[in-house]
file input.cif (mmCIF, C-alpha atoms)
data_work
#
loop_
_atom_site.label_atom_id
_atom_site.label_comp_id
_atom_site.auth_asym_id
_atom_site.auth_seq_id
_atom_site.Cartn_x
_atom_site.Cartn_y
_atom_site.Cartn_z
CA MET L 1327 0.00 0.00 0.00
CA ARG L 1328 1.63 3.22 -1.15
CA GLY L 1329 0.49 6.78 -1.68
CA THR L 1330 -2.65 6.43 0.40
CA VAL L 1331 -2.28 9.60 2.44
CA ALA L 1332 -1.33 11.71 -0.56
CA ALA L 1333 -4.14 10.31 -2.67
CA LEU L 1334 -6.77 10.99 -0.06
CA ALA L 1335 -5.45 14.44 0.78
CA LEU L 1336 -5.39 15.63 -2.82
CA GLY L 1337 -8.45 13.73 -3.99
CA LEU L 1338 -6.51 12.58 -7.04
CA THR L 1339 -5.19 9.15 -7.90
CA GLY L 1340 -4.68 6.50 -10.50
CA CYS L 1341 -5.92 8.40 -13.54
CA GLY L 1342 -2.84 8.67 -15.72
CA SER L 1343 0.52 7.16 -16.56
CA ALA L 1344 4.00 7.93 -17.75
CA THR L 1345 4.51 8.41 -21.47
CA PRO L 1346 4.34 4.86 -22.90
CA ILE L 1347 7.57 3.30 -24.10
CA PRO L 1348 7.48 0.89 -27.06
CA ASP L 1349 5.46 -2.30 -26.71
CA THR L 1350 7.78 -5.34 -26.67
CA GLY L 1351 5.04 -7.76 -27.78
CA ARG L 1352 5.48 -9.93 -24.71
CA LEU L 1353 2.02 -9.34 -23.19
CA ARG L 1354 -1.36 -9.39 -24.93
CA ARG L 1355 -4.38 -8.14 -23.02
CA ILE L 1356 -7.16 -10.73 -22.78
CA ALA L 1357 -9.56 -9.26 -20.24
CA GLU L 1358 -10.11 -6.59 -17.63
CA ALA L 1359 -12.60 -6.59 -14.75
CA ARG L 1360 -13.38 -4.77 -11.52
CA TRP L 1361 -14.93 -5.49 -8.16
CA ALA L 1362 -17.24 -2.91 -6.63
CA HIS L 1363 -15.72 -0.55 -4.09
CA ARG L 1364 -15.98 -1.97 -0.57
CA LEU L 1365 -17.62 -5.14 -1.77
CA HIS L 1366 -18.79 -7.24 1.17
CA ILE L 1367 -17.94 -10.93 1.42
CA GLU L 1368 -19.02 -12.88 4.51
CA ASP L 1369 -19.29 -9.76 6.68
CA THR L 1370 -15.87 -8.43 5.65
CA THR L 1371 -15.02 -5.40 3.52
CA VAL L 1372 -12.99 -6.21 0.43
CA GLY L 1373 -10.12 -3.92 -0.53
CA GLY L 1374 -6.39 -3.53 -0.35
CA LEU L 1375 -5.81 -6.64 -2.48
CA SER L 1376 -2.03 -6.75 -2.50
CA GLY L 1377 -1.22 -10.33 -3.49
CA ILE L 1378 -2.72 -13.06 -5.65
CA ASP L 1379 -1.95 -16.69 -6.45
CA TYR L 1380 -3.74 -19.48 -8.27
CA ASP L 1381 -4.51 -23.00 -7.01
CA SER L 1382 -4.83 -25.25 -10.04
CA SER L 1383 -6.12 -28.17 -7.94
CA ARG L 1384 -9.17 -26.14 -6.85
CA GLY L 1385 -9.43 -23.79 -9.82
CA GLU L 1386 -9.46 -20.74 -7.58
CA TYR L 1387 -7.46 -17.61 -6.89
CA MET L 1388 -6.32 -16.52 -3.44
CA LEU L 1389 -6.12 -12.78 -2.75
CA ILE L 1390 -4.60 -11.33 0.39
CA SER L 1391 -5.80 -7.99 1.79
CA ASP L 1392 -3.34 -5.53 3.30
CA ASP L 1393 -5.93 -4.33 5.81
CA ARG L 1394 -4.04 -4.21 9.10
CA SER L 1395 -7.05 -5.72 10.88
CA ASP L 1396 -8.70 -2.29 10.95
CA LEU L 1397 -11.87 -3.34 9.09
CA ALA L 1398 -11.63 -7.09 9.71
CA PRO L 1399 -8.88 -9.42 10.95
CA VAL L 1400 -6.00 -10.36 8.63
CA ARG L 1401 -7.49 -12.46 5.84
CA TYR L 1402 -7.38 -13.72 2.29
CA TYR L 1403 -10.21 -14.13 -0.20
CA THR L 1404 -10.87 -16.85 -2.74
CA ALA L 1405 -12.32 -16.24 -6.17
CA ARG L 1406 -13.00 -18.04 -9.45
CA TRP L 1407 -12.35 -16.61 -12.90
CA PRO L 1408 -12.48 -19.60 -15.27
CA GLN L 1409 -13.25 -17.59 -18.43
CA PRO L 1410 -11.69 -14.13 -18.21
CA GLN L 1411 -12.74 -13.29 -21.78
CA VAL L 1412 -16.47 -13.57 -21.05
CA ALA L 1413 -17.04 -13.36 -17.29
CA GLN L 1414 -16.15 -11.42 -14.15
CA PRO L 1415 -14.09 -12.93 -11.31
CA GLU L 1416 -16.58 -14.32 -8.80
CA PRO L 1417 -15.90 -14.17 -5.03
CA ALA L 1418 -15.92 -17.60 -3.40
CA GLY L 1419 -15.10 -17.00 0.25
CA VAL L 1420 -12.82 -15.52 2.90
CA VAL L 1421 -10.33 -17.17 5.26
CA GLN L 1422 -9.02 -15.52 8.43
CA LEU L 1423 -5.27 -15.94 8.92
CA GLN L 1424 -4.59 -16.84 12.55
CA ARG L 1425 -1.86 -15.58 14.82
CA PRO L 1426 0.54 -17.92 16.71
CA GLY L 1427 -1.45 -19.91 19.22
CA GLY L 1428 -4.71 -19.27 17.39
CA GLY L 1429 -7.17 -16.44 17.14
CA PRO L 1430 -7.16 -13.28 15.02
CA TRP L 1431 -4.21 -10.92 14.73
CA PRO L 1432 -4.76 -7.67 16.69
CA ASP L 1433 -5.43 -4.32 15.09
CA ARG L 1434 -3.38 -1.21 15.84
CA ARG L 1435 -5.79 0.06 18.50
CA HIS L 1436 -5.55 -3.23 20.39
CA ALA L 1437 -1.89 -4.11 19.85
CA VAL L 1438 -0.55 -6.87 22.09
CA SER L 1439 2.88 -6.65 23.71
CA GLY L 1440 5.37 -8.93 21.95
CA LEU L 1441 3.14 -9.40 18.91
CA PRO L 1442 3.28 -7.39 15.67
CA VAL L 1443 0.30 -5.97 13.85
CA PRO L 1444 0.85 -7.52 10.39
CA ASP L 1445 0.76 -5.47 7.21
CA PRO L 1446 0.10 -8.28 4.68
CA GLU L 1447 1.42 -7.81 1.15
CA ALA L 1448 2.07 -11.02 -0.80
CA ILE L 1449 0.75 -14.59 -0.89
CA ARG L 1450 1.95 -17.80 -2.55
CA LEU L 1451 0.65 -21.35 -2.47
CA ARG L 1452 3.13 -24.16 -1.71
CA PRO L 1453 1.51 -26.92 -3.81
CA SER L 1454 3.75 -29.68 -2.42
CA ALA L 1455 2.74 -28.89 1.16
CA GLY L 1456 -0.74 -27.49 0.54
CA THR L 1457 0.16 -24.46 2.66
CA LEU L 1458 0.36 -20.71 2.12
CA LEU L 1459 3.32 -18.38 2.37
CA TRP L 1460 2.56 -14.74 3.07
CA THR L 1461 4.55 -11.65 3.92
CA SER L 1462 4.09 -8.72 6.24
CA GLU L 1463 5.86 -5.40 5.75
CA GLY L 1464 6.27 -5.36 9.49
CA ASP L 1465 5.25 -3.15 12.36
CA ILE L 1466 8.30 -0.90 12.20
CA ALA L 1467 7.09 1.75 14.64
CA ARG L 1468 6.77 -0.93 17.33
CA GLY L 1469 10.12 -2.55 16.50
CA PHE L 1470 8.92 -5.51 14.41
CA GLY L 1471 10.60 -6.02 11.04
CA PRO L 1472 9.17 -7.53 7.87
CA ALA L 1473 8.20 -11.17 8.12
CA LEU L 1474 7.55 -14.32 6.13
CA TYR L 1475 4.85 -16.59 7.55
CA GLU L 1476 3.44 -19.98 6.62
CA SER L 1477 -0.18 -20.86 7.28
CA ALA L 1478 -2.52 -23.75 6.55
CA ARG L 1479 -5.20 -23.22 3.92
CA ASP L 1480 -7.77 -22.92 6.71
CA GLY L 1481 -5.75 -20.06 8.21
CA ARG L 1482 -4.02 -21.89 11.07
CA PHE L 1483 -0.59 -20.42 11.83
CA LEU L 1484 2.27 -22.82 11.16
CA ARG L 1485 5.55 -20.91 11.41
CA GLU L 1486 7.51 -17.70 11.02
CA PHE L 1487 10.79 -17.87 9.15
CA ALA L 1488 14.04 -16.59 10.65
CA LEU L 1489 15.41 -13.68 8.62
CA PRO L 1490 18.81 -11.97 8.51
CA ALA L 1491 19.45 -9.33 11.16
CA MET L 1492 19.60 -6.62 8.48
CA PHE L 1493 15.78 -6.66 8.43
CA THR L 1494 15.49 -5.75 12.12
CA PRO L 1495 14.33 -2.15 12.62
CA ASP L 1496 16.84 0.32 14.03
CA PRO L 1497 15.34 2.68 16.64
CA THR L 1498 17.77 5.39 15.46
CA GLN L 1499 16.67 4.88 11.83
CA ARG L 1500 20.27 4.82 10.61
CA ARG L 1501 19.97 1.39 9.03
CA GLY L 1502 17.51 -1.43 8.47
CA PRO L 1503 14.08 -1.38 6.80
CA ARG L 1504 12.03 1.71 6.06
CA ASP L 1505 8.42 1.74 7.20
CA ASN L 1506 6.04 0.38 4.54
CA LEU L 1507 8.87 -0.27 2.04
CA THR L 1508 9.78 -3.88 2.73
CA PHE L 1509 8.52 -7.30 1.56
CA GLU L 1510 6.06 -6.46 -1.23
CA GLY L 1511 6.48 -9.70 -3.17
CA ILE L 1512 7.11 -13.45 -3.01
CA ALA L 1513 8.35 -15.53 -5.93
CA LEU L 1514 8.29 -19.32 -5.48
CA THR L 1515 10.64 -21.49 -7.54
CA PRO L 1516 8.91 -24.14 -9.69
CA ASP L 1517 10.31 -26.99 -7.59
CA GLY L 1518 8.74 -25.42 -4.50
CA ARG L 1519 12.00 -25.45 -2.58
CA PHE L 1520 12.85 -21.76 -2.47
CA ALA L 1521 11.00 -18.50 -1.98
CA TRP L 1522 12.40 -15.15 -3.07
CA LEU L 1523 11.33 -12.16 -0.95
CA SER L 1524 11.42 -8.87 -2.84
CA MET L 1525 11.89 -5.53 -1.10
CA GLU L 1526 9.92 -2.53 -2.35
CA ASN L 1527 12.83 -0.14 -1.77
CA ALA L 1528 16.34 -0.17 -0.33
CA LEU L 1529 17.35 -0.68 3.26
CA ILE L 1530 18.43 2.61 4.85
CA GLN L 1531 22.14 1.72 4.73
CA ASP L 1532 21.90 0.62 1.08
CA GLY L 1533 20.77 3.90 -0.45
CA PRO L 1534 17.88 6.33 -0.95
CA ILE L 1535 14.37 5.79 -2.23
CA PRO L 1536 13.81 6.69 -5.92
CA THR L 1537 13.20 10.29 -6.91
CA ILE L 1538 12.16 11.92 -10.15
CA GLY L 1539 15.19 11.52 -12.40
CA THR L 1540 17.23 9.38 -9.98
CA PRO L 1541 16.95 5.59 -9.48
CA GLY L 1542 16.60 4.30 -5.97
CA GLY L 1543 19.17 2.45 -3.95
CA PRO L 1544 19.35 -1.31 -4.55
CA CYS L 1545 16.51 -3.48 -3.22
CA ARG L 1546 17.56 -6.79 -1.69
CA PHE L 1547 15.89 -9.94 -3.01
CA THR L 1548 16.39 -12.73 -0.47
CA GLN L 1549 16.20 -16.45 -1.19
CA VAL L 1550 14.79 -18.60 1.63
CA ASP L 1551 15.17 -22.38 1.70
CA LEU L 1552 11.71 -23.54 2.72
CA GLU L 1553 12.97 -26.87 4.06
CA THR L 1554 15.64 -25.47 6.38
CA GLY L 1555 13.91 -22.14 6.93
CA GLN L 1556 17.16 -20.26 6.35
CA ALA L 1557 18.10 -17.41 4.02
CA THR L 1558 20.61 -18.83 1.55
CA ARG L 1559 21.29 -16.10 -1.04
CA GLN L 1560 20.56 -12.48 -1.83
CA PHE L 1561 21.01 -10.17 -4.78
CA ALA L 1562 20.48 -6.47 -5.51
CA TYR L 1563 17.86 -5.01 -7.85
CA VAL L 1564 17.84 -1.29 -8.70
CA PRO L 1565 14.35 0.24 -9.20
CA ASP L 1566 13.82 2.94 -11.82
CA ALA L 1567 13.68 6.63 -11.12
CA ILE L 1568 10.10 7.84 -10.62
CA PRO L 1569 8.80 8.06 -14.22
CA LEU L 1570 5.97 10.53 -13.43
CA ARG L 1571 5.74 14.08 -12.19
CA PRO L 1572 3.00 15.02 -9.71
CA LEU L 1573 0.42 17.54 -10.83
CA ILE L 1574 1.48 19.90 -8.03
CA PRO L 1575 5.28 20.16 -7.97
CA GLY L 1576 6.75 18.87 -4.75
CA SER L 1577 3.76 16.73 -3.82
CA TYR L 1578 3.85 12.96 -3.36
CA ALA L 1579 5.47 10.59 -5.86
CA ASP L 1580 7.13 7.18 -5.53
CA ASN L 1581 8.34 4.08 -7.37
CA GLY L 1582 9.23 0.62 -6.16
CA VAL L 1583 8.94 -3.12 -6.59
CA SER L 1584 5.39 -4.33 -6.00
CA GLU L 1585 5.61 -8.04 -6.94
CA ALA L 1586 7.86 -10.79 -8.28
CA LEU L 1587 7.04 -14.05 -10.07
CA MET L 1588 9.24 -16.90 -11.25
CA LEU L 1589 9.35 -17.73 -14.97
CA ASP L 1590 11.46 -20.84 -14.41
CA ALA L 1591 14.09 -22.00 -11.92
CA HIS L 1592 16.18 -18.86 -12.36
CA ARG L 1593 14.35 -16.23 -14.42
CA MET L 1594 11.97 -13.89 -12.65
CA LEU L 1595 9.41 -11.23 -13.57
CA VAL L 1596 9.55 -8.06 -11.46
CA LEU L 1597 6.74 -5.50 -11.42
CA GLU L 1598 7.62 -1.88 -10.68
CA ARG L 1599 4.72 0.34 -9.67
CA ALA L 1600 4.99 4.14 -9.56
CA TYR L 1601 2.55 6.82 -8.44
CA ALA L 1602 2.49 10.61 -8.64
CA ALA L 1603 -0.25 12.63 -6.93
CA GLY L 1604 -2.72 14.04 -9.42
CA THR L 1605 -1.01 12.32 -12.37
CA GLY L 1606 -1.59 8.64 -11.71
CA ASN L 1607 0.25 5.34 -11.88
CA SER L 1608 2.93 3.74 -13.99
CA LEU L 1609 3.41 -0.05 -14.21
CA ARG L 1610 6.46 -1.59 -15.82
CA LEU L 1611 7.25 -5.29 -15.94
CA TYR L 1612 10.86 -6.48 -16.17
CA GLU L 1613 12.60 -9.82 -16.60
CA ILE L 1614 15.75 -10.71 -14.68
CA ASP L 1615 18.00 -13.75 -14.26
CA THR L 1616 18.70 -14.39 -10.58
CA ARG L 1617 22.08 -15.91 -11.45
CA ALA L 1618 23.30 -12.71 -13.13
CA ALA L 1619 24.16 -10.86 -9.92
CA SER L 1620 26.54 -11.20 -7.01
CA ASP L 1621 25.46 -12.67 -3.68
CA VAL L 1622 25.12 -9.84 -1.16
CA LEU L 1623 23.78 -11.80 1.80
CA GLN L 1624 26.97 -11.12 3.77
CA VAL L 1625 27.38 -7.52 2.57
CA ASP L 1626 26.48 -5.19 5.41
CA ALA L 1627 25.82 -2.07 3.29
CA LEU L 1628 25.51 -2.01 -0.49
CA ALA L 1629 27.62 0.59 -2.27
CA PRO L 1630 29.02 1.02 -5.79
CA GLY L 1631 31.92 -1.34 -6.30
CA ASN L 1632 31.09 -3.91 -3.61
CA HIS L 1633 28.43 -5.81 -5.55
CA LYS L 1634 27.02 -6.48 -9.00
CA PRO L 1635 23.28 -5.75 -9.23
CA VAL L 1636 21.08 -7.82 -11.50
CA THR L 1637 20.41 -6.52 -15.01
CA LYS L 1638 16.80 -6.15 -16.15
CA THR L 1639 15.02 -6.31 -19.49
CA LEU L 1640 11.70 -4.62 -20.15
CA VAL L 1641 8.81 -7.01 -20.80
CA ALA L 1642 5.97 -4.47 -20.92
CA ASP L 1643 4.93 -0.96 -20.04
CA PHE L 1644 1.29 -1.41 -18.99
CA ALA L 1645 0.46 1.99 -20.47
CA ALA L 1646 0.78 0.36 -23.91
CA LEU L 1647 -1.52 -2.60 -23.17
CA GLY L 1648 -4.94 -1.00 -23.69
CA LEU L 1649 -6.25 -1.03 -20.11
CA SER L 1650 -9.02 1.41 -19.23
CA ARG L 1651 -6.80 2.84 -16.49
CA LEU L 1652 -3.69 2.05 -14.51
CA ASP L 1653 -4.06 1.73 -10.77
CA ASN L 1654 -2.05 0.52 -7.81
CA THR L 1655 -1.31 -3.00 -9.10
CA GLU L 1656 0.43 -5.09 -6.45
CA GLY L 1657 -0.56 -8.73 -7.10
CA MET L 1658 0.63 -10.97 -9.94
CA CYS L 1659 0.37 -14.71 -10.60
CA TRP L 1660 0.12 -17.39 -13.27
CA GLY L 1661 -3.39 -18.61 -14.02
CA PRO L 1662 -4.37 -21.81 -15.87
CA PRO L 1663 -2.60 -22.41 -19.22
CA LEU L 1664 -4.21 -20.92 -22.30
CA PRO L 1665 -5.54 -23.21 -25.08
CA ASN L 1666 -2.54 -22.36 -27.27
CA GLY L 1667 -0.14 -23.47 -24.53
CA ASN L 1668 0.99 -19.97 -23.53
CA ARG L 1669 0.76 -18.77 -19.95
CA LEU L 1670 -2.03 -16.65 -18.49
CA LEU L 1671 -0.70 -13.78 -16.38
CA VAL L 1672 -3.23 -12.31 -13.92
CA VAL L 1673 -2.76 -9.09 -11.95
CA VAL L 1674 -4.85 -7.27 -9.34
CA SER L 1675 -4.71 -3.75 -7.93
CA ASP L 1676 -4.82 -2.58 -4.33
CA ASP L 1677 -7.42 0.18 -4.07
CA ASN L 1678 -6.17 1.31 -0.64
CA PHE L 1679 -9.89 1.27 0.38
CA ASN L 1680 -10.01 4.63 -1.42
CA PRO L 1681 -13.20 5.41 -3.39
CA LEU L 1682 -11.09 7.23 -5.99
CA GLN L 1683 -9.22 4.00 -6.80
CA VAL L 1684 -10.40 0.62 -8.08
CA THR L 1685 -9.94 -3.09 -7.48
CA GLN L 1686 -8.90 -3.98 -11.00
CA PHE L 1687 -8.23 -7.44 -12.38
CA ALA L 1688 -6.44 -7.89 -15.70
CA ALA L 1689 -5.51 -11.05 -17.60
CA PHE L 1690 -2.81 -11.27 -20.26
CA GLU L 1691 -1.33 -13.84 -22.58
CA TYR L 1692 2.35 -14.05 -21.74
CA ILE L 1693 4.67 -14.70 -24.70
CA ASP L 1694 7.97 -16.04 -23.43
CA ARG L 1695 11.30 -15.40 -25.13
CA PRO L 1696 13.86 -17.43 -23.15
#

call {"tool": "encode", "arguments": {"input": "input.cif", "output": "structure tokens"}}
result
Amino acid sequence: MRGTVAALALGLTGCGSATPIPDTGRLRRIAEARWAHRLHIEDTTVGGLSGIDYDSSRGEYMLISDDRSDLAPVRYYTARWPQPQVAQPEPAGVVQLQRPGGGPWPDRRHAVSGLPVPDPEAIRLRPSAGTLLWTSEGDIARGFGPALYESARDGRFLREFALPAMFTPDPTQRRGPRDNLTFEGIALTPDGRFAWLSMENALIQDGPIPTIGTPGGPCRFTQVDLETGQATRQFAYVPDAIPLRPLIPGSYADNGVSEALMLDAHRMLVLERAYAAGTGNSLRLYEIDTRAASDVLQVDALAPGNHKPVTKTLVADFAALGLSRLDNTEGMCWGPPLPNGNRLLVVVSDDNFNPLQVTQFAAFEYIDRP
């Protein structure tokens, strides 16, 4: 969730984009759909959909909300969208994600000592285990860093993964994660053994956040071995400079990584999402090879000369794909294969529970060029 305060304050959001750059021919729009603002499902308010994954065994999508238990406890929704070309995605249910020991996670007004208030962002199904991986951007103000959790499909809490100390908040704010700029994405390797956690922006010691005209400091992508529970590798990814200018000079603008998705054992898609108040959103999809970068897991602070960041190749600028609008897209997954054998790429936007934004689904044919 980014840009919420600015969007609400200015009453402007999600209505434009950066100047389109040439279409690479890698994505073909198949369908676009929306859910009504503040749709109600089983006595919960839908919104803030920040992550999506597809369960082929059940033919349903799972969508995690980044509501910090303010409107309803931490949860994910299920939906079916078997024919994107001719039908809308249909809600199927909601599952409450439990805290350790059982019961709902607390909201910020009823925070419990020793327990974070999760800020959910990404969700992935582990098909081999039948469980769910999900991230929280942390509860930085209260000293809790970003987290990777595993839960049963029915929401029961199973475990929290140990993460490197670099992700622990620093009370002096001289290093460590920035609030609301941490684990935006999860990419699961096809063999189900590893998960890659993608940071939205750089750790404080690694560099600045992006500005207009200047790329941000390197984001750390961390590989976690799901069997041992340990971080095993890490590489650096440099997000673009903010490609948009806000309508009112000096007002809010940002850019960062909003999701990651594996193409195969080593290649990954990375979605960068930008926003400028009064101008709108930009969405650019890149391809990277996780092998084409140095391992920075043991590097305390990233700086020019002490690491090799990954190179990236543009797959698509969403402004060239014919969508009715670009919004705050944060979720991305593979759907069922298309009849011609190509992959179906499905994305969803986080409306920030803001009536000026939308919950937008879009489906694309993905044309691979390995």

call {"tool": "closest_atom_pairs", "arguments": {"input": "input.cif", "of": "segment 1494-1557 of chain L", "to": "segment 1607-1627 of chain L", "cutoff": "9 Å", "atoms": "all atoms listed in the file", "output": "JSON lines"}}
result
{"residue": "L:Arg1501", "atom": "CA", "partner": "L:Ala1627", "partner_atom": "CA", "distance": 8.9}
{"residue": "L:Leu1529", "atom": "CA", "partner": "L:Ala1627", "partner_atom": "CA", "distance": 8.6}
{"residue": "L:Ile1530", "atom": "CA", "partner": "L:Ala1627", "partner_atom": "CA", "distance": 8.9}
{"residue": "L:Gln1531", "atom": "CA", "partner": "L:Ala1627", "partner_atom": "CA", "distance": 5.5}
{"residue": "L:Asp1532", "atom": "CA", "partner": "L:Ala1627", "partner_atom": "CA", "distance": 5.2}
{"residue": "L:Gly1533", "atom": "CA", "partner": "L:Ala1627", "partner_atom": "CA", "distance": 8.7}
{"residue": "L:Arg1546", "atom": "CA", "partner": "L:Val1622", "partner_atom": "CA", "distance": 8.2}
{"residue": "L:Thr1548", "atom": "CA", "partner": "L:Leu1623", "partner_atom": "CA", "distance": 7.8}
{"residue": "L:Ala1557", "atom": "CA", "partner": "L:Leu1623", "partner_atom": "CA", "distance": 8.3}

call {"tool": "write_last_selection", "arguments": {"input": "input.cif", "atoms": "C-alpha atoms", "output": "mmCIF file, in the frame of the given file"}}
result
data_model
loop_
_atom_site.group_PDB
_atom_site.id
_atom_site.type_symbol
_atom_site.label_atom_id
_atom_site.label_comp_id
_atom_site.auth_asym_id
_atom_site.auth_seq_id
_atom_site.Cartn_x
_atom_site.Cartn_y
_atom_site.Cartn_z
ATOM 1 C CA ARG L 1501 19.970 1.390 9.030
ATOM 2 C CA LEU L 1529 17.350 -0.680 3.260
ATOM 3 C CA ILE L 1530 18.430 2.610 4.850
ATOM 4 C CA GLN L 1531 22.140 1.720 4.730
ATOM 5 C CA ASP L 1532 21.900 0.620 1.080
ATOM 6 C CA GLY L 1533 20.770 3.900 -0.450
ATOM 7 C CA ARG L 1546 17.560 -6.790 -1.690
ATOM 8 C CA THR L 1548 16.390 -12.730 -0.470
ATOM 9 C CA ALA L 1557 18.100 -17.410 4.020
#

call {"tool": "resolve_selection", "arguments": {"input": "input.cif", "expression": "the PyMOL selection byres ((chain L and resi 1677) around 12)", "output": "ChimeraX atom specification"}}
result
/L:1327-1330,1333-1334,1339-1340,1360-1365,1372-1376,1391-1393,1652-1657,1674-1676,1678-1687

call {"tool": "residues_around", "arguments": {"input": "input.cif", "residues": "Ala1646 of chain L", "least_positions_apart": "3", "cutoff": "9 Å", "atoms": "all atoms listed in the file", "output": "ChimeraX atom specification"}}
result
/L:1346-1349,1642-1643,1649

call {"tool": "atom_distance", "arguments": {"input": "input.cif", "atom1": "atom CA of Tyr1578 of chain L", "atom2": "atom CA of Gly1606 of chain L"}}
result
10.9 Å

call {"tool": "resolve_selection", "arguments": {"input": "input.cif", "expression": "the PyMOL selection byres ((chain L and resi 1536) around 8)", "output": "PDB file with C-alpha atoms, keeping the file's coordinate frame"}}
result
ATOM      1  CA  PRO L1534      17.880   6.330  -0.950  1.00  0.00           C
ATOM      2  CA  ILE L1535      14.370   5.790  -2.230  1.00  0.00           C
ATOM      3  CA  THR L1537      13.200  10.290  -6.910  1.00  0.00           C
ATOM      4  CA  ILE L1538      12.160  11.920 -10.150  1.00  0.00           C
ATOM      5  CA  THR L1540      17.230   9.380  -9.980  1.00  0.00           C
ATOM      6  CA  PRO L1541      16.950   5.590  -9.480  1.00  0.00           C
ATOM      7  CA  GLY L1542      16.600   4.300  -5.970  1.00  0.00           C
ATOM      8  CA  GLY L1543      19.170   2.450  -3.950  1.00  0.00           C
ATOM      9  CA  PRO L1565      14.350   0.240  -9.200  1.00  0.00           C
ATOM     10  CA  ASP L1566      13.820   2.940 -11.820  1.00  0.00           C
ATOM     11  CA  ALA L1567      13.680   6.630 -11.120  1.00  0.00           C
ATOM     12  CA  ILE L1568      10.100   7.840 -10.620  1.00  0.00           C
ATOM     13  CA  ASP L1580       7.130   7.180  -5.530  1.00  0.00           C
ATOM     14  CA  ASN L1581       8.340   4.080  -7.370  1.00  0.00           C
ATOM     15  CA  GLY L1582       9.230   0.620  -6.160  1.00  0.00           C
TER      16      GLY L1582
END

call {"tool": "closest_residue", "arguments": {"input": "input.cif", "among": "L:Leu1628, L:Ala1689, L:Met1594, L:Ala1359", "to": "Trp1522 of chain L", "atoms": "all atoms listed in the file"}}
result
L:Met1594

call {"tool": "resolve_selection", "arguments": {"input": "input.cif", "expression": "the PyMOL selection byres ((chain L and resi 1659) around 6)", "output": "PyMOL selection string"}}
result
chain L and resi 1379+1658+1660+1671-1672

call {"tool": "closest_residue", "arguments": {"input": "input.cif", "among": "L:Pro1417, L:Gly1518, L:Pro1399, L:Gly1351", "to": "Tyr1387 of chain L", "atoms": "only C-alpha atoms"}}
result
L:Pro1417

call {"tool": "atom_distance", "arguments": {"input": "input.cif", "atom1": "atom CA of Val1400 of chain L", "atom2": "atom CA of Arg1450 of chain L"}}
result
15.6 Å

call {"tool": "residues_around", "arguments": {"input": "input.cif", "residues": "segment 1466-1482 of chain L", "least_positions_apart": "3", "cutoff": "7 Å", "atoms": "all atoms listed in the file", "output": "ChimeraX atom specification"}}
result
/L:1421-1424,1428,1442,1457-1463,1485-1487,1493-1495,1505,1508-1509

call {"tool": "atom_distance", "arguments": {"input": "input.cif", "atom1": "atom CA of Lys1634 of chain L", "atom2": "atom CA of Arg1559 of chain L"}}
result
13.7 Å

call {"tool": "closest_residue", "arguments": {"input": "input.cif", "among": "L:Ile1378, L:Ala1455, L:Val1564, L:Ile1367", "to": "Ile1512 of chain L", "atoms": "all atoms listed in the file"}}
result
L:Ile1378

call {"tool": "residues_around", "arguments": {"input": "input.cif", "residues": "segment 1438-1440 of chain L", "least_positions_apart": "2", "cutoff": "12 Å", "atoms": "only C-alpha atoms", "output": "PDB file with C-alpha atoms, keeping the file's coordinate frame"}}
result
ATOM      1  CA  ARG L1425      -1.860 -15.580  14.820  1.00  0.00           C
ATOM      2  CA  PRO L1426       0.540 -17.920  16.710  1.00  0.00           C
ATOM      3  CA  PRO L1430      -7.160 -13.280  15.020  1.00  0.00           C
ATOM      4  CA  TRP L1431      -4.210 -10.920  14.730  1.00  0.00           C
ATOM      5  CA  PRO L1432      -4.760  -7.670  16.690  1.00  0.00           C
ATOM      6  CA  ASP L1433      -5.430  -4.320  15.090  1.00  0.00           C
ATOM      7  CA  ARG L1434      -3.380  -1.210  15.840  1.00  0.00           C
ATOM      8  CA  ARG L1435      -5.790   0.060  18.500  1.00  0.00           C
ATOM      9  CA  HIS L1436      -5.550  -3.230  20.390  1.00  0.00           C
ATOM     10  CA  PRO L1442       3.280  -7.390  15.670  1.00  0.00           C
ATOM     11  CA  VAL L1443       0.300  -5.970  13.850  1.00  0.00           C
ATOM     12  CA  PRO L1444       0.850  -7.520  10.390  1.00  0.00           C
ATOM     13  CA  ASP L1465       5.250  -3.150  12.360  1.00  0.00           C
ATOM     14  CA  ARG L1468       6.770  -0.930  17.330  1.00  0.00           C
ATOM     15  CA  GLY L1469      10.120  -2.550  16.500  1.00  0.00           C
ATOM     16  CA  PHE L1470       8.920  -5.510  14.410  1.00  0.00           C
TER      17      PHE L1470
END

call {"tool": "closest_residue", "arguments": {"input": "input.cif", "among": "L:Val1641, L:Met1388, L:Ala1629, L:Ile1449", "to": "Gly1661 of chain L", "atoms": "all atoms listed in the file"}}
result
L:Met1388

call {"tool": "closest_residue", "arguments": {"input": "input.cif", "among": "L:Glu1358, L:Glu1510, L:Asp1381, L:Glu1386", "to": "Pro1453 of chain L", "atoms": "all atoms listed in the file"}}
result
L:Asp1381

call {"tool": "residues_around", "arguments": {"input": "input.cif", "residues": "Ala1591 of chain L", "least_positions_apart": "5", "cutoff": "8 Å", "atoms": "all atoms listed in the file", "output": "list in words"}}
result
Thr1515, Pro1516 and Asp1517 of chain L

call {"tool": "closest_residue", "arguments": {"input": "input.cif", "among": "L:Ser1524, L:Ser1382, L:Gln1560, L:Ser1650", "to": "Met1588 of chain L", "atoms": "only C-alpha atoms"}}
result
L:Ser1524

call {"tool": "decode", "arguments": {"input": "input.cif", "residues": "segment 1660-1667 of chain L", "atoms": "C-alpha atoms", "output": "short mmCIF file (atom, residue, chain, number, x, y, z; two decimals), in the first residue's frame"}}
result
data_model
loop_
_atom_site.label_atom_id
_atom_site.label_comp_id
_atom_site.auth_asym_id
_atom_site.auth_seq_id
_atom_site.Cartn_x
_atom_site.Cartn_y
_atom_site.Cartn_z
CA TRP L 1660 0.12 -17.39 -13.27
CA GLY L 1661 -3.39 -18.61 -14.02
CA PRO L 1662 -4.37 -21.81 -15.87
CA PRO L 1663 -2.60 -22.41 -19.22
CA LEU L 1664 -4.21 -20.92 -22.30
CA PRO L 1665 -5.54 -23.21 -25.08
CA ASN L 1666 -2.54 -22.36 -27.27
CA GLY L 1667 -0.14 -23.47 -24.53
#
